[in-house]
Amino acid sequence: MDDLAEAIRNRQAILFAGAGVSMTVGLPSWRTLTEHIAQELHIDGEDLAETEVNHLTLAEYYRLTKGSIGPLRSWMDRKWTLPDEQLKASRVHALICELDFPIIYTTNFDRNLEAAFSLHGKPFVKIVDAKDIARIRDGVPQIVKYHGDFDDDQSIVIAETDYLDRLSFESPLDIKFRSDALGKTILFVGYSLTDLNIRFLLHRLWKTWKGSGFEKDRPPSYVFMLRPNPVEQAVLEQWGLRVLTEPDCAPENALEMFLDKLCRTVSAKADAGER
């Protein structure tokens with residue numbers, strides 16, 4: 001953890017936060033979303049359970065049936081928004097604010113990360129599309145909504161076509177990520193890494209460095225996993241990612257414990273540097 005803490009202290013690290021961060025404060029899972037779509041479209045739950053249809057395909061069918069994703073986005077916005085008191089009590093969100101990453105990418109649509117920054121008195125710039133990139137200011141943390149934001153239906157990557165379109169990795173946010181990631185350490189938290197979009201992103205980043213001929217100069221990057229998994233670890237390490245876990249901690253508390261340890265390590269390094 002020392003190398004990661006040093007990169008954070010030097011403001012040379014990017015956080016990439018997934019659904020697991022939101023689920024630590026009780027937000028619904030993708031399974032809940034799937035069940036809601038099925039109920040709204042009058043699809044029998046038993047019939048759905050017998051198929052291999054995932055939330056991406058189901059959301060695609062929803063959009064075809066309803067004409068837009070708007071009503072689903074409205075339901076998600078209501079369910080995924082937390083009261084300030086509950087969010088302020090979230091230790092995970094407080095630790096993310098305290099770690100003070102200069103750039104945070106998130107695949108979460110909800111506004112809870114931005115709300116946590118506001119509640120903890122930290123300024124930020126929210127980036128959803130190309131026009132927002134022009135709003136970047138030196139010294140102000142960026143929160144990049146990589147899969148879109150509830151404020152803009154068109155930005156949300158939730159249906160199968162959305163994901164397939166993003167696999168080209170040529171949108172303004174993709175280009176920005178490649179630029180940011182090439183020179184900085186990345187820490188991925190809150191992912192099961194079953195997300196094909198994210199796995200392909202990690203693979204593309206590895207291929208970029210490998211093709212450059214300077215792979216040995218790549219800044220180290222890390223993935224935090226709730227449980228040790230030797231299969232995942234072997235694949236990710238092949239792509240140049242170091243896997244971090246809290247094996248002696250219950251999965252529901254693991255992310256908080258990891259971030260707490262990381263925060264204390266960064267503080268200790270800062271104190272040692274001042275001496």
# chains A, B, ... in the order shown; residues from 1 in each chain; ligands from 1

$ residues_around --residues "Glu35 in chain A" --least-positions-apart "4" --cutoff "8 Å" --atoms "only C-alpha atoms" --output "PyMOL selection string"
chain A and resi 31+39+45

$ write_last_selection --atoms "N, CA and C atoms" --output "CSV table (one decimal), in the first residue's frame"
chain,number,residue,atom,x,y,z
A,31,ARG,N,-29.7,-6.1,-9.4
A,31,ARG,CA,-30.8,-7.1,-9.3
A,31,ARG,C,-32.1,-6.4,-9.0
A,39,GLN,N,-41.1,-5.9,-13.5
A,39,GLN,CA,-42.5,-5.6,-12.9
A,39,GLN,C,-43.2,-4.6,-13.8
A,45,GLY,N,-41.4,-12.9,-13.2
A,45,GLY,CA,-40.1,-13.1,-12.6
A,45,GLY,C,-39.5,-14.5,-12.8

$ select_by_dssp --residues "range 46-134 of chain A" --states "alpha helix (DSSP H)" --output "ChimeraX atom specification"
/A:46-49,55-66,70-80,84-88,91-99,112-119,130-133

$ closest_atom_pairs --of "range 71-122 of chain A" --to "range 2-24 of chain A" --cutoff "6 Å" --atoms "only C-alpha atoms" --output "JSON lines"
{"residue": "A:Ile103", "atom": "CA", "partner": "A:Ile14", "partner_atom": "CA", "distance": 5.3}
{"residue": "A:Ile104", "atom": "CA", "partner": "A:Leu15", "partner_atom": "CA", "distance": 4.7}
{"residue": "A:Tyr105", "atom": "CA", "partner": "A:Phe16", "partner_atom": "CA", "distance": 4.6}
{"residue": "A:Thr106", "atom": "CA", "partner": "A:Ala17", "partner_atom": "CA", "distance": 4.7}
{"residue": "A:Thr107", "atom": "CA", "partner": "A:Gly18", "partner_atom": "CA", "distance": 5.5}
{"residue": "A:Asn108", "atom": "CA", "partner": "A:Ala19", "partner_atom": "CA", "distance": 6.0}

$ residues_around --residues "range 226-232 of chain A" --least-positions-apart "6" --cutoff "9 Å" --atoms "only C-alpha atoms" --output "list in words"
Gly190, Tyr191, Ser192, Leu193, Val243, Leu244, Thr245, Glu246, Pro247, Cys249, Ala250, Pro251, Glu252, Asn253, Ala254 and Leu255 of chain A

$ select_by_dssp --residues "range 117-177 of chain A" --states "strand (DSSP E)" --output "NGL selection string"
:A and (125-127 or 142-145)

$ residues_around --residues "Thr161 in chain A" --least-positions-apart "5" --cutoff "9 Å" --atoms "only C-alpha atoms" --output "list in words"
Leu56, Thr57, Glu60 and Arg166 of chain A

$ write_last_selection --atoms "N, CA, C and O atoms" --output "PDB file, in the first residue's frame"
ATOM      1  N   LEU A  56     -28.716  -5.124 -18.839  1.00  0.00           N
ATOM      2  CA  LEU A  56     -28.438  -4.341 -20.050  1.00  0.00           C
ATOM      3  C   LEU A  56     -29.467  -4.634 -21.139  1.00  0.00           C
ATOM      4  O   LEU A  56     -30.047  -3.709 -21.729  1.00  0.00           O
ATOM      5  N   THR A  57     -29.698  -5.914 -21.397  1.00  0.00           N
ATOM      6  CA  THR A  57     -30.672  -6.306 -22.424  1.00  0.00           C
ATOM      7  C   THR A  57     -32.077  -5.911 -21.999  1.00  0.00           C
ATOM      8  O   THR A  57     -32.891  -5.460 -22.819  1.00  0.00           O
ATOM      9  N   GLU A  60     -32.549  -2.299 -22.524  1.00  0.00           N
ATOM     10  CA  GLU A  60     -32.714  -2.068 -23.968  1.00  0.00           C
ATOM     11  C   GLU A  60     -34.165  -2.335 -24.381  1.00  0.00           C
ATOM     12  O   GLU A  60     -34.773  -1.557 -25.121  1.00  0.00           O
ATOM     13  N   ARG A 166     -20.081   2.317 -26.483  1.00  0.00           N
ATOM     14  CA  ARG A 166     -18.936   2.796 -25.722  1.00  0.00           C
ATOM     15  C   ARG A 166     -17.678   1.947 -25.926  1.00  0.00           C
ATOM     16  O   ARG A 166     -16.573   2.381 -25.591  1.00  0.00           O
TER      17      ARG A 166
END

$ closest_residue --among "A:Thr208, A:Thr32, A:Gln86, A:Ser74" --to "Trp239 in chain A" --atoms "only C-alpha atoms"
A:Thr208

$ closest_atom_pairs --of "range 75-130 of chain A" --to "range 256-273 of chain A" --cutoff "7 Å" --atoms "only C-alpha atoms" --output "tab-separated table"
residue	atom	partner	partner_atom	distance
A:Arg91	CA	A:Glu256	CA	6.7
A:Val92	CA	A:Glu256	CA	5.3
A:Leu95	CA	A:Leu259	CA	6.4
A:Leu99	CA	A:Cys263	CA	6.1
